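Trainee: Following this message is one structure expressed as structure tokens.
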Amino acid sequence: MIQTMQQISTIAEMRVHIKEARRLGKTIGIVPTMGFLHQGHLSLVKAAREKCDLVVMSIFVNPLQFGPNEDFERYPRDIEHDRQMAQSAGVDLLFTPEVSEMYPKPILTNISVSNVTEQLCGKSRPGHFDGVATVVTKLFQIVQPDYAFFGQKDAQQVAVVTQMTYDLSMPVQIVPCPIVREEDGLAMSSRNVYLTAEQRKEALVLSQSLKQAKSWIEEGVALSEIRERIIHMIDAMPLASIDYVELLRYPDLNPVEQRTSGESIIIALAVRFGHTRLIDNLITNI
């Protein structure tokens, strides 16, 4: 067990550590992040710490998954704060490559997963999940993990990465971890820092509408009616602008043709408050 966290910025150095860990027969877990860490990220480290001998966290704001009008440049970054949080959480190796290290030349290879990327965030952010799948594949090649830990807040991302690893026979098990919320119910996100006080207050409608939706499902309300009720709740917030409200099967993200007892569905939301786009979801059985 590595007692003191080591920060690594190059692929070559990371491979040296991974080779040594493999020589010693250690199980390796990776927690891929874009940094600006919060308790949601640390919950992934905790899950990895319980399951793996060596825990690797990557911090890399991946330009491939940002569209031309999205917030790559203003995405929050605080590497020193992240380093301290990662060390206190029990990370062994912190991988913090520059863009020039990950993509020294224009990248000509693209990993694209169909079907599960065509709804929700994939529909409103074209190319986003190609960028996610490509960088995750690259990280898996570098770290060669046995397990990879992803938060369920990005449930579509979990579905995409799970499908990709299955289709490509990657020797890594994807471990989804529960959404971590603030005390008032707001899902933790690095983008929450952008919210004004009033936007932050109105954003609680996301978790509130999902909680209400679960009650409606238990009462037997039609799924189409639940969707309309959620839209009505969110539209009542003056600062909210809905990107999507969808009820789909999970994890294939196909439409729910009819209500089938025991079937797993996702109620997924994406809502803008000013320039800040927040997502949240509930996965449940019907």
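In the structure tokens, chains take the letters A, B, ... in the order shown, each chain's residues start at 1, and ligands count up from 1 in the order shown.
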Would you mind listing what lies within 12 Å of Leu278 in chain A as an MDAnalysis selection string, with only C-alpha atoms counted and same-chain residues fewer than 2 positions away left out?

Mentor: chainID A and resid 121 153:154 186:195 199:200 202:207 240:244 268:276 280:281

Trainee: Take the residues that were just selected and, keeping N, CA and C atoms, output them as a short mmCIF file (atom, residue, chain, number, x, y, z; two decimals), in the first residue's frame.

Mentor:
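Output saved as part.cif:
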```cif
data_model
loop_
_atom_site.label_atom_id
_atom_site.label_comp_id
_atom_site.auth_asym_id
_atom_site.auth_seq_id
_atom_site.Cartn_x
_atom_site.Cartn_y
_atom_site.Cartn_z
N CYS A 121 -28.63 13.95 -22.73
CA CYS A 121 -27.51 14.88 -22.97
C CYS A 121 -26.86 14.66 -24.33
N LYS A 153 -25.05 10.29 -10.85
CA LYS A 153 -25.66 11.56 -11.29
C LYS A 153 -25.56 11.69 -12.80
N ASP A 154 -24.42 11.26 -13.35
CA ASP A 154 -24.25 11.22 -14.80
C ASP A 154 -24.64 9.81 -15.28
N LEU A 186 -30.05 19.20 -3.28
CA LEU A 186 -29.42 19.50 -4.56
C LEU A 186 -28.28 18.52 -4.82
N ALA A 187 -28.27 17.91 -6.01
CA ALA A 187 -27.20 16.98 -6.36
C ALA A 187 -25.88 17.74 -6.43
N MET A 188 -24.84 17.17 -5.80
CA MET A 188 -23.54 17.84 -5.83
C MET A 188 -22.99 17.86 -7.24
N SER A 189 -22.46 19.02 -7.63
CA SER A 189 -21.89 19.21 -8.96
C SER A 189 -20.85 20.30 -8.90
N SER A 190 -19.79 20.15 -9.68
CA SER A 190 -18.78 21.20 -9.76
C SER A 190 -19.36 22.49 -10.31
N ARG A 191 -20.45 22.39 -11.07
CA ARG A 191 -21.06 23.58 -11.68
C ARG A 191 -21.95 24.35 -10.71
N ASN A 192 -22.26 23.79 -9.54
CA ASN A 192 -23.12 24.50 -8.59
C ASN A 192 -22.52 25.83 -8.16
N VAL A 193 -21.20 25.95 -8.24
CA VAL A 193 -20.52 27.18 -7.83
C VAL A 193 -20.94 28.36 -8.70
N TYR A 194 -21.43 28.10 -9.88
CA TYR A 194 -21.85 29.18 -10.79
C TYR A 194 -23.18 29.81 -10.39
N LEU A 195 -23.98 29.12 -9.59
CA LEU A 195 -25.35 29.55 -9.31
C LEU A 195 -25.38 30.78 -8.39
N GLN A 199 -30.81 31.47 -7.97
CA GLN A 199 -30.78 30.29 -8.84
C GLN A 199 -30.60 29.02 -8.01
N ARG A 200 -29.73 29.10 -7.02
CA ARG A 200 -29.47 27.94 -6.15
C ARG A 200 -30.76 27.51 -5.44
N GLU A 202 -33.89 28.08 -6.48
CA GLU A 202 -34.83 27.52 -7.46
C GLU A 202 -34.39 26.14 -7.95
N ALA A 203 -33.10 25.89 -7.97
CA ALA A 203 -32.58 24.61 -8.47
C ALA A 203 -33.03 23.41 -7.64
N LEU A 204 -33.50 23.68 -6.43
CA LEU A 204 -34.01 22.59 -5.59
C LEU A 204 -35.22 21.91 -6.21
N VAL A 205 -35.84 22.56 -7.19
CA VAL A 205 -37.00 21.96 -7.84
C VAL A 205 -36.64 20.65 -8.54
N LEU A 206 -35.37 20.47 -8.92
CA LEU A 206 -34.97 19.24 -9.59
C LEU A 206 -35.16 18.03 -8.67
N SER A 207 -34.53 18.09 -7.50
CA SER A 207 -34.64 16.95 -6.58
C SER A 207 -36.06 16.83 -6.03
N ALA A 240 -35.74 29.10 -14.35
CA ALA A 240 -35.43 27.77 -14.91
C ALA A 240 -35.80 27.70 -16.39
N SER A 241 -34.92 27.08 -17.16
CA SER A 241 -35.18 26.82 -18.58
C SER A 241 -34.91 25.35 -18.85
N ILE A 242 -35.94 24.59 -19.21
CA ILE A 242 -35.81 23.15 -19.35
C ILE A 242 -35.08 22.78 -20.64
N ASP A 243 -34.06 21.95 -20.50
CA ASP A 243 -33.41 21.33 -21.65
C ASP A 243 -34.17 20.06 -22.01
N TYR A 244 -34.34 19.18 -21.03
CA TYR A 244 -35.19 18.01 -21.25
C TYR A 244 -35.74 17.47 -19.93
N ALA A 268 -35.00 11.52 -16.03
CA ALA A 268 -33.79 12.33 -16.21
C ALA A 268 -34.16 13.78 -16.52
N LEU A 269 -33.46 14.69 -15.88
CA LEU A 269 -33.72 16.12 -16.03
C LEU A 269 -32.44 16.85 -16.40
N ALA A 270 -32.57 17.84 -17.27
CA ALA A 270 -31.51 18.81 -17.52
C ALA A 270 -32.16 20.18 -17.60
N VAL A 271 -31.71 21.09 -16.76
CA VAL A 271 -32.35 22.41 -16.65
C VAL A 271 -31.26 23.47 -16.53
N ARG A 272 -31.46 24.57 -17.22
CA ARG A 272 -30.52 25.69 -17.14
C ARG A 272 -31.04 26.75 -16.18
N PHE A 273 -30.12 27.25 -15.38
CA PHE A 273 -30.39 28.41 -14.53
C PHE A 273 -29.35 29.44 -14.92
N GLY A 274 -29.76 30.42 -15.71
CA GLY A 274 -28.79 31.33 -16.30
C GLY A 274 -27.91 30.55 -17.27
N HIS A 275 -26.59 30.65 -17.11
CA HIS A 275 -25.66 29.93 -18.00
C HIS A 275 -25.31 28.55 -17.45
N THR A 276 -25.86 28.19 -16.30
CA THR A 276 -25.48 26.94 -15.64
C THR A 276 -26.48 25.84 -15.94
N ASP A 280 -29.99 15.94 -13.19
CA ASP A 280 -30.34 15.11 -12.03
C ASP A 280 -31.17 13.96 -12.56
N ASN A 281 -31.31 12.92 -11.77
CA ASN A 281 -32.11 11.79 -12.23
C ASN A 281 -32.53 10.91 -11.07
#
```

Trainee: Which residues come within 7 Å of range 49-55 of chain A, counting only C-alpha atoms, excluding same-chain residues fewer than 4 positions away, as a list in words?

Mentor: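 Once the adjacent positions are removed, what remains is Met1, Lys26, Thr27, Ile28, Gly29, Ile30, Val45, Val91, Asp92 and Leu93 of chain A.
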
Trainee: Those same residues, written as a compact mmCIF listing (two decimals), in the first residue's frame with N, CA, C and O atoms?

Mentor:
```txt
# COMPACT_ATOMS: atom_id res chain seq x y z
N MET A 1 0.85 -1.20 0.00
CA MET A 1 0.00 0.00 0.00
C MET A 1 0.88 1.25 0.00
O MET A 1 1.78 1.37 0.83
N LYS A 26 -1.47 -6.31 -7.13
CA LYS A 26 -2.48 -5.41 -6.58
C LYS A 26 -3.67 -5.23 -7.53
O LYS A 26 -3.49 -5.21 -8.75
N THR A 27 -4.86 -5.09 -6.95
CA THR A 27 -6.02 -4.71 -7.74
C THR A 27 -6.03 -3.18 -7.86
O THR A 27 -5.71 -2.47 -6.90
N ILE A 28 -6.40 -2.71 -9.04
CA ILE A 28 -6.32 -1.27 -9.34
C ILE A 28 -7.71 -0.72 -9.63
O ILE A 28 -8.47 -1.29 -10.41
N GLY A 29 -8.02 0.39 -8.99
CA GLY A 29 -9.28 1.09 -9.25
C GLY A 29 -9.00 2.49 -9.72
O GLY A 29 -8.04 3.14 -9.27
N ILE A 30 -9.83 3.00 -10.65
CA ILE A 30 -9.68 4.37 -11.12
C ILE A 30 -10.96 5.16 -10.88
O ILE A 30 -12.07 4.65 -11.04
N VAL A 45 -14.07 7.69 -4.29
CA VAL A 45 -12.78 7.25 -3.74
C VAL A 45 -13.01 6.26 -2.61
O VAL A 45 -12.32 5.23 -2.51
N VAL A 91 -6.51 8.64 -1.88
CA VAL A 91 -6.01 8.35 -3.23
C VAL A 91 -4.53 8.01 -3.16
O VAL A 91 -3.77 8.65 -2.42
N ASP A 92 -4.12 7.00 -3.91
CA ASP A 92 -2.70 6.63 -3.95
C ASP A 92 -1.94 7.37 -5.04
O ASP A 92 -0.86 7.92 -4.80
N LEU A 93 -2.50 7.37 -6.25
CA LEU A 93 -1.86 8.03 -7.39
C LEU A 93 -2.83 9.05 -7.98
O LEU A 93 -3.95 8.70 -8.37
```

Trainee: Considering only C-alpha atoms, return as a ChimeraX atom specification whatever protein or nucleic-acid residues lie within 7 Å of Ile267 in chain A, sequence-local ones (same chain, fewer than 2 positions apart) excluded.

Mentor: /A:246-248,265,269,281-283

Trainee: How many Å separate CA of Ser261 in chain A from CA of Ile286 in chain A?

Mentor: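 Computed distance, CA of Ser261 in chain A to CA of Ile286 in chain A, equals 5.4 Å.
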
Trainee: Taking 3 positions as the minimum chain separation for residues in the same chain, which residues sit within 12 Å of range 101-106 of chain A when counting only C-alpha atoms? Answer as a PyMOL selection string.

Mentor: chain A and resi 8-13+58-64+95-98+109-110+134-139+141-142

Trainee: Nearest to Gln163 in chain A among A:Val116, A:Ala48, A:Met14, A:Cys177, with distances taken over only C-alpha atoms: which residue is it?

Mentor: A:Val116

Trainee: Where does DSSP see alpha helix (DSSP H) in range 134-164 of chain A, if you list the residues as a ChimeraX atom specification?

Mentor: /A:134-143,155-164

Trainee: Please produce a file of those selected residues containing all heavy atoms, as a short mmCIF file (atom, residue, chain, number, x, y, z; two decimals), in the first residue's frame.

Mentor:
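part02.cif, written as the output of this step:
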```
data_model
loop_
_atom_site.label_atom_id
_atom_site.label_comp_id
_atom_site.auth_asym_id
_atom_site.auth_seq_id
_atom_site.Cartn_x
_atom_site.Cartn_y
_atom_site.Cartn_z
N THR A 134 -13.93 8.44 -25.69
CA THR A 134 -12.55 8.45 -26.17
C THR A 134 -11.57 8.67 -25.02
O THR A 134 -10.57 7.96 -24.90
CB THR A 134 -12.37 9.54 -27.25
OG1 THR A 134 -13.27 9.26 -28.34
CG2 THR A 134 -10.95 9.56 -27.78
N VAL A 135 -11.85 9.64 -24.15
CA VAL A 135 -10.91 9.90 -23.05
C VAL A 135 -10.93 8.78 -22.03
O VAL A 135 -9.88 8.41 -21.46
CB VAL A 135 -11.17 11.27 -22.39
CG1 VAL A 135 -12.39 11.23 -21.47
CG2 VAL A 135 -9.94 11.73 -21.63
N VAL A 136 -12.10 8.19 -21.78
CA VAL A 136 -12.16 7.08 -20.82
C VAL A 136 -11.40 5.88 -21.36
O VAL A 136 -10.66 5.21 -20.62
CB VAL A 136 -13.63 6.72 -20.49
CG1 VAL A 136 -13.70 5.40 -19.72
CG2 VAL A 136 -14.29 7.83 -19.68
N THR A 137 -11.54 5.61 -22.66
CA THR A 137 -10.76 4.53 -23.27
C THR A 137 -9.27 4.78 -23.09
O THR A 137 -8.49 3.89 -22.76
CB THR A 137 -11.10 4.40 -24.76
OG1 THR A 137 -12.48 4.05 -24.90
CG2 THR A 137 -10.25 3.32 -25.43
N LYS A 138 -8.86 6.02 -23.31
CA LYS A 138 -7.44 6.36 -23.18
C LYS A 138 -6.97 6.18 -21.73
O LYS A 138 -5.89 5.62 -21.48
CB LYS A 138 -7.23 7.80 -23.64
CG LYS A 138 -5.77 8.20 -23.75
CD LYS A 138 -5.58 9.37 -24.69
CE LYS A 138 -4.11 9.75 -24.79
NZ LYS A 138 -3.62 9.80 -26.15
N LEU A 139 -7.79 6.61 -20.78
CA LEU A 139 -7.43 6.44 -19.37
C LEU A 139 -7.34 4.97 -19.00
O LEU A 139 -6.45 4.55 -18.25
CB LEU A 139 -8.45 7.15 -18.48
CG LEU A 139 -8.40 8.68 -18.48
CD1 LEU A 139 -9.61 9.26 -17.78
CD2 LEU A 139 -7.10 9.19 -17.83
N PHE A 140 -8.27 4.16 -19.53
CA PHE A 140 -8.23 2.73 -19.25
C PHE A 140 -6.96 2.10 -19.83
O PHE A 140 -6.38 1.19 -19.24
CB PHE A 140 -9.46 2.03 -19.83
CG PHE A 140 -10.74 2.28 -19.05
CD1 PHE A 140 -11.94 1.75 -19.50
CD2 PHE A 140 -10.75 3.03 -17.89
CE1 PHE A 140 -13.12 1.96 -18.80
CE2 PHE A 140 -11.93 3.26 -17.17
CZ PHE A 140 -13.12 2.72 -17.65
N GLN A 141 -6.53 2.57 -20.98
CA GLN A 141 -5.30 2.06 -21.59
C GLN A 141 -4.06 2.43 -20.76
O GLN A 141 -3.12 1.65 -20.65
CB GLN A 141 -5.15 2.62 -23.01
CG GLN A 141 -6.11 2.05 -24.02
CD GLN A 141 -5.82 0.58 -24.30
OE1 GLN A 141 -6.41 -0.32 -23.72
NE2 GLN A 141 -4.86 0.33 -25.18
N ILE A 142 -4.10 3.61 -20.18
CA ILE A 142 -2.96 4.09 -19.40
C ILE A 142 -2.88 3.41 -18.03
O ILE A 142 -1.82 2.96 -17.60
CB ILE A 142 -3.03 5.63 -19.22
CG1 ILE A 142 -2.92 6.33 -20.59
CG2 ILE A 142 -1.95 6.13 -18.26
CD1 ILE A 142 -3.34 7.79 -20.56
N VAL A 143 -4.03 3.32 -17.35
CA VAL A 143 -4.07 2.85 -15.96
C VAL A 143 -4.34 1.35 -15.86
O VAL A 143 -3.97 0.73 -14.87
CB VAL A 143 -5.12 3.66 -15.16
CG1 VAL A 143 -5.25 3.16 -13.74
CG2 VAL A 143 -4.76 5.15 -15.18
N ALA A 155 -25.94 9.50 -15.12
CA ALA A 155 -26.41 8.13 -15.38
C ALA A 155 -26.23 7.73 -16.84
O ALA A 155 -25.95 6.57 -17.14
CB ALA A 155 -27.87 7.99 -14.98
N GLN A 156 -26.38 8.67 -17.76
CA GLN A 156 -26.17 8.34 -19.17
C GLN A 156 -24.70 8.03 -19.42
O GLN A 156 -24.38 7.11 -20.18
CB GLN A 156 -26.63 9.48 -20.07
CG GLN A 156 -26.60 9.12 -21.55
CD GLN A 156 -27.21 10.17 -22.44
OE1 GLN A 156 -27.39 11.33 -22.03
NE2 GLN A 156 -27.55 9.81 -23.67
N GLN A 157 -23.81 8.75 -18.77
CA GLN A 157 -22.38 8.46 -18.89
C GLN A 157 -22.08 7.05 -18.41
O GLN A 157 -21.31 6.31 -19.03
CB GLN A 157 -21.57 9.47 -18.09
CG GLN A 157 -20.07 9.19 -18.05
CD GLN A 157 -19.31 10.28 -17.34
OE1 GLN A 157 -18.85 11.24 -17.95
NE2 GLN A 157 -19.17 10.16 -16.03
N VAL A 158 -22.68 6.65 -17.29
CA VAL A 158 -22.49 5.29 -16.77
C VAL A 158 -22.96 4.27 -17.80
O VAL A 158 -22.29 3.27 -18.07
CB VAL A 158 -23.25 5.10 -15.44
CG1 VAL A 158 -23.19 3.64 -15.00
CG2 VAL A 158 -22.66 6.00 -14.35
N ALA A 159 -24.13 4.53 -18.40
CA ALA A 159 -24.67 3.60 -19.40
C ALA A 159 -23.75 3.51 -20.62
O ALA A 159 -23.52 2.43 -21.16
CB ALA A 159 -26.07 4.05 -19.82
N VAL A 160 -23.23 4.66 -21.05
CA VAL A 160 -22.35 4.70 -22.23
C VAL A 160 -21.05 3.94 -21.96
O VAL A 160 -20.63 3.10 -22.77
CB VAL A 160 -22.05 6.16 -22.63
CG1 VAL A 160 -20.93 6.22 -23.67
CG2 VAL A 160 -23.31 6.84 -23.15
N VAL A 161 -20.42 4.21 -20.84
CA VAL A 161 -19.14 3.58 -20.52
C VAL A 161 -19.33 2.08 -20.29
O VAL A 161 -18.49 1.26 -20.71
CB VAL A 161 -18.49 4.25 -19.30
CG1 VAL A 161 -17.25 3.50 -18.86
CG2 VAL A 161 -18.14 5.71 -19.62
N THR A 162 -20.43 1.70 -19.65
CA THR A 162 -20.71 0.27 -19.43
C THR A 162 -20.89 -0.44 -20.77
O THR A 162 -20.36 -1.54 -20.98
CB THR A 162 -21.96 0.11 -18.56
OG1 THR A 162 -21.75 0.75 -17.30
CG2 THR A 162 -22.27 -1.37 -18.31
N GLN A 163 -21.64 0.16 -21.68
CA GLN A 163 -21.85 -0.43 -23.00
C GLN A 163 -20.53 -0.54 -23.76
O GLN A 163 -20.25 -1.56 -24.40
CB GLN A 163 -22.84 0.41 -23.80
CG GLN A 163 -23.25 -0.19 -25.13
CD GLN A 163 -24.09 -1.45 -24.97
OE1 GLN A 163 -25.02 -1.47 -24.18
NE2 GLN A 163 -23.76 -2.50 -25.70
N MET A 164 -19.73 0.50 -23.69
CA MET A 164 -18.44 0.51 -24.39
C MET A 164 -17.53 -0.60 -23.90
O MET A 164 -16.93 -1.33 -24.70
CB MET A 164 -17.77 1.87 -24.20
CG MET A 164 -16.40 1.99 -24.83
SD MET A 164 -15.59 3.56 -24.39
CE MET A 164 -15.08 3.21 -22.70
#
```

Trainee: Give me the residues near range 37-39 of chain A as an NGL selection string, where near means some atom within 10 Å (using only C-alpha atoms) and where sequence neighbours in that chain fewer than 5 positions away do not count.

Mentor: :A and (44-45 or 59 or 76-79 or 81-86 or 89 or 180-182 or 188-190)

Trainee: Any chance you can output those residues with C-alpha atoms as a tab-separated table (two decimals), in the first residue's frame?

Mentor:
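Writing done, so here's result_2.tsv:
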```
chain	number	residue	atom	x	y	z
A	44	LEU	CA	-16.23	7.36	-5.33
A	45	VAL	CA	-12.78	7.25	-3.74
A	59	ILE	CA	-8.10	15.01	-12.92
A	76	PRO	CA	-13.84	25.54	-12.45
A	77	ARG	CA	-10.32	24.45	-11.64
A	78	ASP	CA	-8.42	24.39	-8.33
A	79	ILE	CA	-5.71	21.76	-8.52
A	81	HIS	CA	-7.46	22.17	-3.35
A	82	ASP	CA	-8.15	19.00	-5.33
A	83	ARG	CA	-4.76	17.57	-4.41
A	84	GLN	CA	-5.42	18.08	-0.70
A	85	MET	CA	-8.90	16.55	-0.92
A	86	ALA	CA	-7.66	13.55	-2.91
A	89	ALA	CA	-9.66	10.74	0.88
A	180	VAL	CA	-24.47	12.44	-3.32
A	181	ARG	CA	-26.66	15.40	-2.39
A	182	GLU	CA	-26.42	18.56	-0.34
A	188	MET	CA	-23.54	17.84	-5.83
A	189	SER	CA	-21.89	19.21	-8.96
A	190	SER	CA	-18.78	21.20	-9.76
```

Trainee: Range 191-275 of chain A: which residues are strand (DSSP E) by DSSP, as a ChimeraX atom specification?

Mentor: /A:240-249,264-273

Trainee: Take CA of Ala148 in chain A and CA of Arg125 in chain A and report the distance between them in Å, one decimal.

Mentor: 24.1 Å
